[in-house]
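Enquirer: Once you've had a glance at the structure underneath, I'll fire off some questions.
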Amino acid sequence: MKKTFYVTTPIYYVNAKPHLGHAYTTIFADTICRFHKLMGEETFFLTGTDEHGDKIVQAAESQGKSPQEYVDEISSLFKNLWPELDIENDKFIRTTDPYHKECVQRFLQIVYDKGDIYFGEYGGYYCFGCERFYTEKELVDGMCPDHKKPPTYIHEENYFFRMSKYQDWLREYINDNPDFIQPEPYRKEVLSMLKEPIGDLCISRPKKRLTWGIEMPFDKNFVTYVWFDALINYLSAIGWPDSEEFKKFWPAYHIIAKDILKPHAIFWPTMLKSAGVEIYKGLRVHGYWKVDETKMSKSLGNVVDPLSLKDKYGVDGFRYFLMREMHFGHDGNFSEKNMIERFNADLANDIGNLFNRTLSMINKYFKGKLKSQISFEDMDKELILLGKRSLNNYITSFESFNSAEGLENLMIFVRAVNKYIDSVAPWTLFKNKDLDRLNTVLWVVLICLRKIALALWPVMPSSSEKMLNAIGLALDVKSFDFKREVDDFSTWEISDNLPKNLNLFPRKEVFKEEKPKKEAKSSKNEEQESYIDFDVFQKVDLRVGKVLDAAKHPNADKLLCLKVDLGEQKPRSVVAGIAKYYKPDELIGKNVVMVANLKPRKLRGEISEGMVLAVHKKDGLQVLAIDGEIDPGSKIS
RNA sequence: GGCGAGGUAGCUCAGUUGGUUAGAGCAUGCGGCUCAUAUCCGCAGAGUCGGGGGUUCAAGUCCCUCCCUCGCUACCA
């Protein structure tokens, strides 16, 4: 039976249009999947869209559409983009698909029957204007980002997943399986998250507030919320629990960006464990693209959507750049300049030109037809040995999801072939009429090109197929084994009608950078960073305030709650992190220095309408205070 | 503030359990070839491996400390 390989991208949330990040993850998954196909495995590649939740309902309303209309529209943007990027997914799942809903309910029921779901109280910040909860992180300075009003802390009954029950198991599992989460830094990060209690997971929302979701199978008044809906797509897409596909392909490798590490590394394995489903095979985490806008078509004065560069440089050039430039686990730098440089150096100069010069010589010296009788000399054997070694390294790299390293290993081989041609100098052999040797040399080069073209297929399927067609090999991935291809450099059928040339990657114009201008600009920026203008300082409203009252914060032991008179109608409520250094009584009556126009914000539930200035000393903090009688509210400048 | 990751040539990164003159690609400069997309090949320059201290016969590699960047997190207003 064939080895199988199942790889997924996250399902993308349809509140935004596809961008570079989506494209990268999906191209990466496609490349990895194609690599495994090339290795002779039976593969399944899943991507799709995540379509439930309140944000979707709101976005739809704002456009005057029904949620279904809205998600249909955005989802199709994703679905239609992938073929344009030569991405061949086996399935495109949508969380609004009926089979997915059924599957989620089935999963929930199993976990519920096991006793891992309980009904409990949930507290959170709720904005009545938005009719929704906000996490503390979403709040801007303690306010609802839309209504600019403080939300209300309310309690609500909800269903919870007993995630904490599996914390110890998960920690051990990750310790025992170093390959489970990779690259290593992310594995360590997850282990460090697991040092703290992970708590239980709130997995429902009452229907009275949110209907756009999947109904809880054991309570019609609730829908499931976010992760129980989304993560289960990896199972529902292949027909868990009974389908042939599920039996064949599960467990999966999940490819994600670092922002959703926690749900995939902690929620998902514990969910699977609870439901008694085999744990997924591995999580592979990549970084972000830092888009350098100053280097993007600066001369035109407009910022270019990175995705649009696929049209300018071709899908293959675009895919190659992304796969070559992002080092696995690191963040990558995306700029048009880097893209052109990479395109010219690797694709145009090294690979493209190598193909072209070879075909040209075969045509010039042998009219496009080589003889198969050959005998290798030491030089030839050395090149072949090096080829096998670098291709094996290429395989190892791609097996561990490291596309940049894999392509670098391939480039070592490409450079070696160019060097081989130079040191053999076929043009001299031709002059000397040493045609047998010349035939052998070109034959060796051509077979190397075949291997190189095959190795490029996962990253640049279209260009790879052009190369292979040119040398007479129609690639049938279904019956392929790249490993065998790497081991055997001696037998193959050669086309006796090779083309005169093949200009795959025409060089791109090098980006013109106006260096002096740029330097001037950057030094100016530095200046701007280390100084603030006077008018910025003037915006800070510093005033003297008299502390009328001070008390310990009810819900925090490092904070004090003060009432400060600023000469206004009502004294201000101010929270200060000085409980370690001051007793409440010591502060009463002091004239302190305050920032009076700081945006109010809640700290552990108490509103703070200003900031008390203090000096940082070796042994703690000393509040700035003014001696003598001063009118509260006096301005400081 | 806490935890984690990082700081190696102009740029992107490798550097195995500490061991001879710290590597690769790109970029730069010089030379060679002419089959080729002014491409290819060779040579060269450049790094007190973030700073300081320590362990050791020997440290980019181990320990301490400080600085900076990024991520998560917080009882930072």
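Here, A, B, ... name the chains of the structure tokens in the order displayed, residue numbers run from 1 inside each chain, and ligands are numbered from 1 in the same displayed order.
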If we count only C-alpha atoms (C1' of nucleotides), what is near G23 of chain B at a cut-off of 12 Å, once residues fewer than 2 positions away on the same chain are taken out, given as number ranges by chain?
Expert: B: 8-9, 13-15, 25, 47, 49
Enquirer: Please identify all polymer residues within 12 Å of G31 of chain B, counting only C-alpha atoms (C1' of nucleotides), omitting same-chain residues fewer than 3 positions from it, and present them as a PyMOL selection string.
Expert: chain B and resi 41-44
Enquirer: Please produce a file of the residues just selected, as a CSV table (one decimal), in the first residue's frame, where the atoms kept are all heavy atoms.
Expert:
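Listed below is the output, out_39.csv:
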```csv
chain,number,residue,atom,x,y,z
B,41,C,P,28.8,29.8,-11.9
B,41,C,OP1,28.3,28.7,-11.1
B,41,C,OP2,28.6,31.2,-11.4
B,41,C,O5',30.3,29.6,-12.2
B,41,C,C5',30.8,28.3,-12.7
B,41,C,C4',32.3,28.4,-12.9
B,41,C,O4',32.5,29.3,-14.1
B,41,C,C3',33.1,29.1,-11.8
B,41,C,O3',33.4,28.1,-10.8
B,41,C,C2',34.3,29.5,-12.6
B,41,C,O2',35.2,28.4,-12.9
B,41,C,C1',33.7,30.0,-13.9
B,41,C,N1,33.3,31.5,-13.8
B,41,C,C2,34.4,32.4,-13.9
B,41,C,O2,35.5,32.0,-14.1
B,41,C,N3,34.1,33.7,-13.8
B,41,C,C4,32.8,34.1,-13.6
B,41,C,N4,32.6,35.4,-13.5
B,41,C,C5,31.7,33.2,-13.4
B,41,C,C6,32.0,31.9,-13.5
B,42,G,P,33.7,28.6,-9.3
B,42,G,OP1,33.8,27.5,-8.5
B,42,G,OP2,32.7,29.7,-9.0
B,42,G,O5',35.1,29.4,-9.4
B,42,G,C5',36.2,28.6,-9.8
B,42,G,C4',37.4,29.6,-9.9
B,42,G,O4',37.2,30.5,-11.0
B,42,G,C3',37.7,30.4,-8.7
B,42,G,O3',38.4,29.7,-7.7
B,42,G,C2',38.5,31.5,-9.3
B,42,G,O2',39.8,31.2,-9.5
B,42,G,C1',37.8,31.7,-10.6
B,42,G,N9,36.8,32.8,-10.6
B,42,G,C8,35.4,32.6,-10.5
B,42,G,N7,34.7,33.7,-10.5
B,42,G,C5,35.7,34.7,-10.5
B,42,G,C6,35.6,36.1,-10.5
B,42,G,O6,34.5,36.8,-10.5
B,42,G,N1,36.8,36.7,-10.5
B,42,G,C2,38.0,36.1,-10.5
B,42,G,N2,39.1,36.8,-10.6
B,42,G,N3,38.1,34.8,-10.6
B,42,G,C4,37.0,34.1,-10.6
B,43,C,P,38.3,30.1,-6.1
B,43,C,OP1,39.1,29.2,-5.4
B,43,C,OP2,36.9,30.4,-5.8
B,43,C,O5',39.0,31.6,-6.1
B,43,C,C5',40.4,31.7,-6.3
B,43,C,C4',40.9,33.1,-6.3
B,43,C,O4',40.2,33.8,-7.4
B,43,C,C3',40.5,33.9,-5.1
B,43,C,O3',41.4,33.8,-4.0
B,43,C,C2',40.6,35.3,-5.7
B,43,C,O2',41.9,35.8,-5.8
B,43,C,C1',40.0,35.1,-7.1
B,43,C,N1,38.5,35.4,-7.1
B,43,C,C2,38.1,36.8,-7.2
B,43,C,O2,39.0,37.6,-7.2
B,43,C,N3,36.8,37.0,-7.2
B,43,C,C4,35.9,36.1,-7.2
B,43,C,N4,34.6,36.4,-7.2
B,43,C,C5,36.3,34.7,-7.1
B,43,C,C6,37.6,34.4,-7.0
B,44,A,P,40.9,34.0,-2.6
B,44,A,OP1,42.0,33.7,-1.6
B,44,A,OP2,39.6,33.4,-2.4
B,44,A,O5',40.7,35.6,-2.6
B,44,A,C5',41.8,36.5,-2.8
B,44,A,C4',41.4,37.9,-2.8
B,44,A,O4',40.4,38.1,-3.9
B,44,A,C3',40.6,38.3,-1.5
B,44,A,O3',41.5,38.7,-0.5
B,44,A,C2',39.9,39.6,-2.1
B,44,A,O2',40.7,40.7,-2.1
B,44,A,C1',39.5,39.1,-3.5
B,44,A,N9,38.1,38.6,-3.6
B,44,A,C8,37.8,37.2,-3.6
B,44,A,N7,36.5,37.1,-3.7
B,44,A,C5,36.0,38.3,-3.8
B,44,A,C6,34.7,38.8,-3.9
B,44,A,N6,33.6,38.1,-4.0
B,44,A,N1,34.5,40.2,-3.9
B,44,A,C2,35.6,41.0,-3.8
B,44,A,N3,36.9,40.6,-3.7
B,44,A,C4,37.0,39.3,-3.7
```
Enquirer: Return the single residue from B:A27, B:C76, B:C11, B:U65 that is closest to G52 of chain B, with distances computed using only C-alpha atoms (C1' of nucleotides).
Expert: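 Residue with the minimum atom-to-atom distance to G52 of chain B: B:U65.
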Enquirer: Between A:Gln538, A:Ser397, A:Asn356, A:Ser464, which one has atoms that come closest to chain B, using only C-alpha atoms (C1' of nucleotides)?
Expert: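 That would be A:Asn356, the residue with the smallest distance to chain B.
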Enquirer: Would you kindly report the residues of chain B within 8 Å of chain A, using only C-alpha atoms (C1' of nucleotides), as a list of chain:residue names?
Expert: B:C3, B:G4, B:A5, B:U12, B:C26, B:C33, B:C35, B:A36, B:U37, B:U39, B:C40, B:C41, B:C75, B:C76, B:A77
Enquirer: Excluding U28 of chain B and its own-chain neighbours fewer than 5 positions away, which residues fall within 12 Å of it when counting only C-alpha atoms (C1' of nucleotides)? Please give them as a PyMOL selection string.
Expert: chain B and resi 10+44-46
Enquirer: Keeping only C-alpha atoms (C1' of nucleotides), write the selected residues as a compact mmCIF listing (two decimals), in the first residue's frame.
Expert:
```
# COMPACT_ATOMS: atom_id res chain seq x y z
C1' G B 10 26.35 45.62 3.55
C1' A B 44 39.50 39.12 -3.48
C1' G B 45 37.85 42.52 0.41
C1' A B 46 35.44 42.74 4.46
```
Enquirer: When DSSP is applied to the backbone of this structure, which of segment 278-436 of chain A are assigned strand (DSSP E)? Write them out as a PDB file with C-alpha atoms, in the first residue's frame.
Expert:
```
ATOM      1  CA  GLY A 282       2.380  17.195  13.472  1.00  0.00           C
ATOM      2  CA  LEU A 283       2.079  20.949  13.679  1.00  0.00           C
ATOM      3  CA  ARG A 284       4.352  23.065  11.522  1.00  0.00           C
ATOM      4  CA  VAL A 285       4.520  26.738  12.374  1.00  0.00           C
ATOM      5  CA  HIS A 286       5.799  29.487  10.122  1.00  0.00           C
ATOM      6  CA  TRP A 289       6.078  38.303   6.056  1.00  0.00           C
ATOM      7  CA  LYS A 290       7.312  41.753   6.846  1.00  0.00           C
ATOM      8  CA  VAL A 291       6.344  43.772   3.819  1.00  0.00           C
ATOM      9  CA  GLY A 332      10.552  36.812   6.130  1.00  0.00           C
ATOM     10  CA  ASN A 333      11.165  40.105   4.374  1.00  0.00           C
ATOM     11  CA  PHE A 334       9.083  40.774   1.332  1.00  0.00           C
TER      12      PHE A 334
END
```
Enquirer: Suppose you want the space between atom CA of Phe28 of chain A and atom CA of Arg319 of chain A; what is it in Å?
Expert: 8.6 Å
Enquirer: If you measure from atom CA of Tyr313 of chain A to atom CA of Gly287 of chain A, what distance in Å do you get, rounded to one decimal?
Expert: 23.5 Å
Enquirer: Please provide as number ranges by chain all residues within 12 Å of A59 of chain B, with the sequence filter that same-chain residues fewer than 4 positions apart are discarded (counting only C-alpha atoms (C1' of nucleotides)).
Expert: B: 18-19, 49, 54-55, 63
Enquirer: If you run DSSP over the backbone, which residues in segment 196-268 of chain A end up alpha helix (DSSP H)? Put them as a PyMOL selection string.
Expert: chain A and resi 227-230+233-236+244-249+261-262+268
Enquirer: Could you list, as a count of residues only, every residue within 10 Å of Phe78 of chain A, counting only C-alpha atoms (C1' of nucleotides) and ignoring same-chain residues fewer than 6 positions away?
Expert: 11
Enquirer: Of the candidates A:Val315, A:Leu383, A:Ile266, A:Leu621, which one gets nearest to Pro461 of chain A if we count only C-alpha atoms?
Expert: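 That would be A:Val315, the residue with the smallest distance to Pro461 of chain A.
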